[in-house]
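Chemist: Structure in structure tokens, see below.
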Amino acid sequence: MNNIIRVEGLVKNYQSGAETLRILQGLSFTVPAGTTAAVRGKSGCGKSTLLNILGGLDRSDAGIVEVAGLDVSRLPEKDLTEYRRKRLGFVFQFHYLLRDFTARENVMIPAYIGGMKKKTALEKANRLLEELGLAGRAHHYPSQLSGGERQRVAAARALVNDPELLLADEPTGNLDPQNSLAVAELLYRAAEERRMSLVVVTHDDKVAERARLKFELTEGTLASHA
């Protein structure tokens, strides 16, 4: 099976005044295409940094970071934008929905910006919202939606361009336990039904349990767990 992710010797440090913060220290791991994976770890351990590097939102200091056959660590900035638009979907802890647009409009915007005709993008947004149980909320604005509903809209937006890889950064961190499990299940199910890869970083063991692969990030190193 081909790997959607291949990371070797990943290093990331940050400078804080005279102090060097060693965040990621020589990480190496792979994720096969079409697999769901969870990275667990305490707050501040570097989970979001790892996800940002995979998503081309941050640069590593050393090592190889290959995603979907591309060496992300060496892509120029203009190519990173295209990489994120065509190959990735992002779901963050905060939904980042545009408050002046309806749920349907928020979902369709990435497809429309990517060149899809507006009518087609709106139709696709409607299908995704229906699939995620939000058909009756398509014309509601973010302020009219519950926290769980906003995260489901954010998930639909992440799926609208049919990404190869979905990256989820603490996607249930702002939700109550019931909505947390519902949103997590939604992401895993969407990935499996589309044969898409999913990497979710979380400190919630219940969210991580659903993944096929489980990793633990501790003191800058990554270990695999059953």
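In the structure tokens, the first chain shown is A, the next is B, and so on; residue numbers restart at 1 for each chain, and ligands run from 1 in the order shown.
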Go through segment 45-211 of chain A and collect every residue that DSSP, computed from the backbone, puts in strand (DSSP E or B); the answer should be as an NGL selection string.
Modeler: :A and (62-67 or 70-71 or 88-91 or 165-169 or 197-202)
Chemist: Show me a table, sorted first by chain and then by increasing residue number, of the residues of segment 13-66 of chain A having an atom at most 12 Å from segment 87-111 of chain A, each with its shortest atom pair and the distance in Å to one decimal, counting only C-alpha atoms and written as JSON lines.
Modeler:
{"residue": "A:Ser48", "atom": "CA", "partner": "A:Phe92", "partner_atom": "CA", "distance": 9.7}
{"residue": "A:Leu51", "atom": "CA", "partner": "A:Phe90", "partner_atom": "CA", "distance": 9.8}
{"residue": "A:Asn52", "atom": "CA", "partner": "A:Phe90", "partner_atom": "CA", "distance": 10.0}
{"residue": "A:Leu54", "atom": "CA", "partner": "A:Leu88", "partner_atom": "CA", "distance": 9.7}
{"residue": "A:Gly55", "atom": "CA", "partner": "A:Leu88", "partner_atom": "CA", "distance": 7.3}
{"residue": "A:Gly56", "atom": "CA", "partner": "A:Leu88", "partner_atom": "CA", "distance": 9.8}
{"residue": "A:Leu57", "atom": "CA", "partner": "A:Phe90", "partner_atom": "CA", "distance": 11.0}
Chemist: Kindly export the residues of the current selection with N, CA and C atoms, as a PDB file, in the first residue's frame.
Modeler:
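Contents of the output file out23.pdb:
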ATOM      1  N   SER A  48      -0.096  20.368  17.240  1.00  0.00           N
ATOM      2  CA  SER A  48      -0.537  21.327  16.224  1.00  0.00           C
ATOM      3  C   SER A  48       0.620  21.721  15.307  1.00  0.00           C
ATOM      4  N   LEU A  51       0.951  19.037  12.727  1.00  0.00           N
ATOM      5  CA  LEU A  51      -0.117  19.115  11.732  1.00  0.00           C
ATOM      6  C   LEU A  51       0.097  20.293  10.780  1.00  0.00           C
ATOM      7  N   ASN A  52       0.551  21.413  11.327  1.00  0.00           N
ATOM      8  CA  ASN A  52       0.813  22.587  10.491  1.00  0.00           C
ATOM      9  C   ASN A  52       1.922  22.328   9.486  1.00  0.00           C
ATOM     10  N   LEU A  54       2.672  19.302   8.230  1.00  0.00           N
ATOM     11  CA  LEU A  54       2.080  18.414   7.227  1.00  0.00           C
ATOM     12  C   LEU A  54       1.208  19.204   6.257  1.00  0.00           C
ATOM     13  N   GLY A  55       0.539  20.232   6.769  1.00  0.00           N
ATOM     14  CA  GLY A  55      -0.362  21.032   5.947  1.00  0.00           C
ATOM     15  C   GLY A  55       0.307  22.165   5.203  1.00  0.00           C
ATOM     16  N   GLY A  56       1.625  22.287   5.343  1.00  0.00           N
ATOM     17  CA  GLY A  56       2.327  23.358   4.641  1.00  0.00           C
ATOM     18  C   GLY A  56       2.065  24.731   5.211  1.00  0.00           C
ATOM     19  N   LEU A  57       1.595  24.794   6.464  1.00  0.00           N
ATOM     20  CA  LEU A  57       1.353  26.071   7.125  1.00  0.00           C
ATOM     21  C   LEU A  57       2.568  26.527   7.925  1.00  0.00           C
TER      22      LEU A  57
END
Chemist: As a PyMOL selection string, please: every residue in segment 14-217 of chain A that a backbone DSSP assignment puts in alpha helix (DSSP H).
Modeler: chain A and resi 47-54+77-87+103-113+118-131+147-159+177-193+205-209
Chemist: Rank A:Gln151, A:Thr36, A:Thr120, A:Gln15 by their smallest atom-to-atom distance to Glu209 of chain A, using only C-alpha atoms, and report the top residue only.
Modeler: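 Selected residue with least distance to Glu209 of chain A: A:Thr36.
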Chemist: Using only C-alpha atoms, tabulate the residues of segment 104-204 of chain A lying at most 9 Å from any atom of segment 210-224 of chain A, each with its closest atom pair and that distance in Å to one decimal, by chain and increasing residue number, as a tab-separated table.
Modeler:
residue	atom	partner	partner_atom	distance
A:Ala184	CA	A:Arg210	CA	8.3
A:Glu185	CA	A:Arg210	CA	7.8
A:Tyr188	CA	A:Arg210	CA	7.4
A:Leu198	CA	A:Ala211	CA	8.7
A:Val199	CA	A:Ala211	CA	8.7
A:Val200	CA	A:Ala211	CA	8.6
Chemist: Would you mind exporting all heavy atoms of the selected residues as a short mmCIF file (atom, residue, chain, number, x, y, z; two decimals), in the first residue's frame?
Modeler:
data_model
loop_
_atom_site.label_atom_id
_atom_site.label_comp_id
_atom_site.auth_asym_id
_atom_site.auth_seq_id
_atom_site.Cartn_x
_atom_site.Cartn_y
_atom_site.Cartn_z
N ALA A 184 -16.43 13.60 15.94
CA ALA A 184 -15.32 12.68 15.66
C ALA A 184 -15.78 11.53 14.78
O ALA A 184 -15.11 11.16 13.80
CB ALA A 184 -14.73 12.16 16.97
N GLU A 185 -16.92 10.94 15.12
CA GLU A 185 -17.45 9.83 14.33
C GLU A 185 -17.75 10.28 12.90
O GLU A 185 -17.49 9.56 11.93
CB GLU A 185 -18.72 9.28 14.99
CG GLU A 185 -19.42 8.18 14.19
CD GLU A 185 -18.56 6.97 13.95
OE1 GLU A 185 -17.63 6.71 14.74
OE2 GLU A 185 -18.80 6.27 12.95
N TYR A 188 -14.39 10.45 10.97
CA TYR A 188 -13.87 9.11 10.66
C TYR A 188 -14.72 8.43 9.58
O TYR A 188 -14.19 7.82 8.64
CB TYR A 188 -13.86 8.24 11.93
CG TYR A 188 -12.72 8.55 12.86
CD1 TYR A 188 -12.96 9.03 14.15
CD2 TYR A 188 -11.40 8.34 12.48
CE1 TYR A 188 -11.93 9.31 15.02
CE2 TYR A 188 -10.36 8.61 13.35
CZ TYR A 188 -10.62 9.09 14.62
OH TYR A 188 -9.57 9.37 15.48
N LEU A 198 -7.08 10.42 6.94
CA LEU A 198 -7.41 11.37 8.00
C LEU A 198 -6.33 11.31 9.07
O LEU A 198 -5.97 10.23 9.53
CB LEU A 198 -8.77 11.03 8.62
CG LEU A 198 -9.13 11.73 9.94
CD1 LEU A 198 -9.32 13.22 9.73
CD2 LEU A 198 -10.38 11.10 10.57
N VAL A 199 -5.83 12.48 9.45
CA VAL A 199 -4.95 12.58 10.62
C VAL A 199 -5.59 13.58 11.58
O VAL A 199 -5.82 14.74 11.22
CB VAL A 199 -3.54 13.05 10.24
CG1 VAL A 199 -2.69 13.24 11.51
CG2 VAL A 199 -2.87 12.04 9.32
N VAL A 200 -5.91 13.11 12.77
CA VAL A 200 -6.50 13.97 13.78
C VAL A 200 -5.57 14.06 14.97
O VAL A 200 -5.05 13.04 15.44
CB VAL A 200 -7.90 13.45 14.20
CG1 VAL A 200 -7.85 12.01 14.69
CG2 VAL A 200 -8.52 14.35 15.26
#
Chemist: Residues at most 10 Å from His203 of chain A, counting only C-alpha atoms, excluding those fewer than 5 positions away in the same chain, as an MDAnalysis selection string?
Modeler: chainID A and resid 38:43 47 170 172:173 208 216
Chemist: Rank nothing, just name the residue among A:Glu8, A:Asp79, A:Glu131, A:Asp58 nearest to Val153 of chain A, using only C-alpha atoms.
Modeler: A:Glu131
Chemist: So that I can check the surroundings of segment 22-25 of chain A, please list as a ChimeraX atom specification every protein, DNA and RNA residue that reaches within 8 Å of it, counting only C-alpha atoms and ignoring chain neighbours fewer than 3 positions away.
Modeler: /A:9-14,45-46,50,219-221
Chemist: Create the file for the chosen residues now, containing all heavy atoms and written as a PDB file, in the first residue's frame.
Modeler:
ATOM      1  N   GLY A   9      13.044  11.977  10.184  1.00  0.00           N
ATOM      2  CA  GLY A   9      13.965  12.882  10.854  1.00  0.00           C
ATOM      3  C   GLY A   9      13.471  14.308  10.994  1.00  0.00           C
ATOM      4  O   GLY A   9      14.260  15.250  10.934  1.00  0.00           O
ATOM      5  N   LEU A  10      12.174  14.471  11.236  1.00  0.00           N
ATOM      6  CA  LEU A  10      11.589  15.817  11.314  1.00  0.00           C
ATOM      7  C   LEU A  10      12.042  16.539  12.586  1.00  0.00           C
ATOM      8  O   LEU A  10      11.906  16.012  13.699  1.00  0.00           O
ATOM      9  CB  LEU A  10      10.066  15.711  11.290  1.00  0.00           C
ATOM     10  CG  LEU A  10       9.273  17.005  11.532  1.00  0.00           C
ATOM     11  CD1 LEU A  10       9.598  18.046  10.479  1.00  0.00           C
ATOM     12  CD2 LEU A  10       7.778  16.704  11.556  1.00  0.00           C
ATOM     13  N   VAL A  11      12.556  17.738  12.395  1.00  0.00           N
ATOM     14  CA  VAL A  11      12.999  18.576  13.507  1.00  0.00           C
ATOM     15  C   VAL A  11      12.350  19.943  13.380  1.00  0.00           C
ATOM     16  O   VAL A  11      12.301  20.523  12.291  1.00  0.00           O
ATOM     17  CB  VAL A  11      14.542  18.743  13.519  1.00  0.00           C
ATOM     18  CG1 VAL A  11      14.973  19.738  14.604  1.00  0.00           C
ATOM     19  CG2 VAL A  11      15.222  17.398  13.735  1.00  0.00           C
ATOM     20  N   LYS A  12      11.836  20.458  14.509  1.00  0.00           N
ATOM     21  CA  LYS A  12      11.292  21.808  14.538  1.00  0.00           C
ATOM     22  C   LYS A  12      11.605  22.451  15.881  1.00  0.00           C
ATOM     23  O   LYS A  12      11.245  21.916  16.939  1.00  0.00           O
ATOM     24  CB  LYS A  12       9.773  21.793  14.314  1.00  0.00           C
ATOM     25  CG  LYS A  12       9.148  23.188  14.335  1.00  0.00           C
ATOM     26  CD  LYS A  12       9.646  24.064  13.195  1.00  0.00           C
ATOM     27  CE  LYS A  12       9.003  25.433  13.210  1.00  0.00           C
ATOM     28  NZ  LYS A  12       9.520  26.297  12.129  1.00  0.00           N
ATOM     29  N   ASN A  13      12.271  23.589  15.819  1.00  0.00           N
ATOM     30  CA  ASN A  13      12.591  24.367  17.014  1.00  0.00           C
ATOM     31  C   ASN A  13      12.031  25.772  16.865  1.00  0.00           C
ATOM     32  O   ASN A  13      11.844  26.261  15.748  1.00  0.00           O
ATOM     33  CB  ASN A  13      14.111  24.462  17.220  1.00  0.00           C
ATOM     34  CG  ASN A  13      14.763  23.092  17.369  1.00  0.00           C
ATOM     35  OD1 ASN A  13      14.236  22.222  18.057  1.00  0.00           O
ATOM     36  ND2 ASN A  13      15.899  22.908  16.718  1.00  0.00           N
ATOM     37  N   TYR A  14      11.794  26.410  17.991  1.00  0.00           N
ATOM     38  CA  TYR A  14      11.416  27.819  18.003  1.00  0.00           C
ATOM     39  C   TYR A  14      12.358  28.580  18.924  1.00  0.00           C
ATOM     40  O   TYR A  14      12.804  28.049  19.952  1.00  0.00           O
ATOM     41  CB  TYR A  14       9.971  28.011  18.487  1.00  0.00           C
ATOM     42  CG  TYR A  14       8.923  27.525  17.531  1.00  0.00           C
ATOM     43  CD1 TYR A  14       8.202  26.362  17.782  1.00  0.00           C
ATOM     44  CD2 TYR A  14       8.632  28.234  16.360  1.00  0.00           C
ATOM     45  CE1 TYR A  14       7.232  25.910  16.898  1.00  0.00           C
ATOM     46  CE2 TYR A  14       7.668  27.794  15.473  1.00  0.00           C
ATOM     47  CZ  TYR A  14       6.969  26.636  15.751  1.00  0.00           C
ATOM     48  OH  TYR A  14       6.013  26.183  14.871  1.00  0.00           O
ATOM     49  N   CYS A  45       2.473  19.949  23.502  1.00  0.00           N
ATOM     50  CA  CYS A  45       3.525  18.979  23.202  1.00  0.00           C
ATOM     51  C   CYS A  45       4.013  19.058  21.753  1.00  0.00           C
ATOM     52  O   CYS A  45       5.001  18.409  21.398  1.00  0.00           O
ATOM     53  CB  CYS A  45       3.060  17.563  23.515  1.00  0.00           C
ATOM     54  SG  CYS A  45       1.816  16.919  22.364  1.00  0.00           S
ATOM     55  N   GLY A  46       3.314  19.821  20.906  1.00  0.00           N
ATOM     56  CA  GLY A  46       3.744  19.952  19.519  1.00  0.00           C
ATOM     57  C   GLY A  46       2.825  19.312  18.500  1.00  0.00           C
ATOM     58  O   GLY A  46       3.153  19.249  17.313  1.00  0.00           O
ATOM     59  N   LEU A  50       3.096  19.802  14.411  1.00  0.00           N
ATOM     60  CA  LEU A  50       3.238  18.690  13.467  1.00  0.00           C
ATOM     61  C   LEU A  50       2.190  18.775  12.367  1.00  0.00           C
ATOM     62  O   LEU A  50       2.508  18.641  11.173  1.00  0.00           O
ATOM     63  CB  LEU A  50       3.107  17.360  14.210  1.00  0.00           C
ATOM     64  CG  LEU A  50       3.083  16.092  13.350  1.00  0.00           C
ATOM     65  CD1 LEU A  50       4.353  15.967  12.519  1.00  0.00           C
ATOM     66  CD2 LEU A  50       2.880  14.854  14.227  1.00  0.00           C
ATOM     67  N   GLU A 219       7.538  14.707  24.524  1.00  0.00           N
ATOM     68  CA  GLU A 219       8.876  15.280  24.587  1.00  0.00           C
ATOM     69  C   GLU A 219       9.551  15.294  23.220  1.00  0.00           C
ATOM     70  O   GLU A 219      10.731  14.960  23.067  1.00  0.00           O
ATOM     71  CB  GLU A 219       9.734  14.534  25.613  1.00  0.00           C
ATOM     72  CG  GLU A 219       9.207  14.665  27.036  1.00  0.00           C
ATOM     73  CD  GLU A 219      10.073  13.953  28.045  1.00  0.00           C
ATOM     74  OE1 GLU A 219      11.020  13.241  27.637  1.00  0.00           O
ATOM     75  OE2 GLU A 219       9.815  14.108  29.247  1.00  0.00           O
ATOM     76  N   GLY A 220       8.770  15.659  22.208  1.00  0.00           N
ATOM     77  CA  GLY A 220       9.315  15.848  20.878  1.00  0.00           C
ATOM     78  C   GLY A 220       9.495  14.595  20.050  1.00  0.00           C
ATOM     79  O   GLY A 220       9.987  14.648  18.927  1.00  0.00           O
ATOM     80  N   THR A 221       9.107  13.447  20.590  1.00  0.00           N
ATOM     81  CA  THR A 221       9.241  12.195  19.845  1.00  0.00           C
ATOM     82  C   THR A 221       7.885  11.522  19.704  1.00  0.00           C
ATOM     83  O   THR A 221       6.976  11.723  20.522  1.00  0.00           O
ATOM     84  CB  THR A 221      10.232  11.245  20.530  1.00  0.00           C
ATOM     85  OG1 THR A 221       9.744  10.910  21.842  1.00  0.00           O
ATOM     86  CG2 THR A 221      11.604  11.880  20.643  1.00  0.00           C
TER      87      THR A 221
END
Chemist: Would you mind listing what lies within 10 Å of Arg6 of chain A as a PDB file with C-alpha atoms, in the first residue's frame, with only C-alpha atoms counted and same-chain residues fewer than 4 positions away left out?
Modeler:
ATOM      1  CA  ASN A   2       1.284   3.486  -0.842  1.00  0.00           C
ATOM      2  CA  SER A  28       9.844   9.487  11.665  1.00  0.00           C
ATOM      3  CA  PHE A  29       6.554   7.798  10.755  1.00  0.00           C
ATOM      4  CA  THR A  30       4.330   6.788   7.840  1.00  0.00           C
ATOM      5  CA  VAL A  31       0.576   6.740   7.267  1.00  0.00           C
ATOM      6  CA  PRO A  32      -0.738   4.471   4.481  1.00  0.00           C
ATOM      7  CA  LEU A  54       2.080  18.414   7.227  1.00  0.00           C
ATOM      8  CA  ILE A  64      11.783  14.921   5.006  1.00  0.00           C
ATOM      9  CA  VAL A  65       8.038  15.595   4.915  1.00  0.00           C
ATOM     10  CA  GLU A  66       6.308  13.884   1.995  1.00  0.00           C
ATOM     11  CA  VAL A  67       2.542  14.108   1.560  1.00  0.00           C
ATOM     12  CA  ALA A  68       0.774  12.577  -1.435  1.00  0.00           C
ATOM     13  CA  GLY A  69       4.148  12.126  -3.128  1.00  0.00           C
ATOM     14  CA  LEU A  70       5.171  15.776  -2.700  1.00  0.00           C
ATOM     15  CA  ASP A  71       8.149  16.873  -0.621  1.00  0.00           C
TER      16      ASP A  71
END
Chemist: Please measure the separation of atom CA of Asn179 of chain A and atom CA of Arg195 of chain A, giving the value in Å to one decimal.
Modeler: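 Distance between the two atoms: 24.0 Å.
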Chemist: I'd like the neighbourhood of Leu186 of chain A as a PyMOL selection string, where a residue qualifies if any of its atoms comes within 9 Å (using only C-alpha atoms), though same-chain residues fewer than 5 positions away should be ignored.
Modeler: chain A and resi 132+152+155+181+191
Chemist: Okay, now the selection with C-alpha atoms, as an mmCIF file, in the first residue's frame?
Modeler:
data_model
loop_
_atom_site.group_PDB
_atom_site.id
_atom_site.type_symbol
_atom_site.label_atom_id
_atom_site.label_comp_id
_atom_site.auth_asym_id
_atom_site.auth_seq_id
_atom_site.Cartn_x
_atom_site.Cartn_y
_atom_site.Cartn_z
ATOM 1 C CA LEU A 132 -23.938 15.517 7.531
ATOM 2 C CA ARG A 152 -20.174 19.916 11.056
ATOM 3 C CA ALA A 155 -16.205 19.540 8.192
ATOM 4 C CA LEU A 181 -18.017 11.983 19.897
ATOM 5 C CA ALA A 191 -12.834 9.508 5.574
#
Chemist: Enter the distance from atom CA of Pro177 of chain A to atom CA of Leu145 of chain A, in Å, rounded to one decimal.
Modeler: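 Between atom CA of Pro177 of chain A and atom CA of Leu145 of chain A the gap is 17.7 Å.
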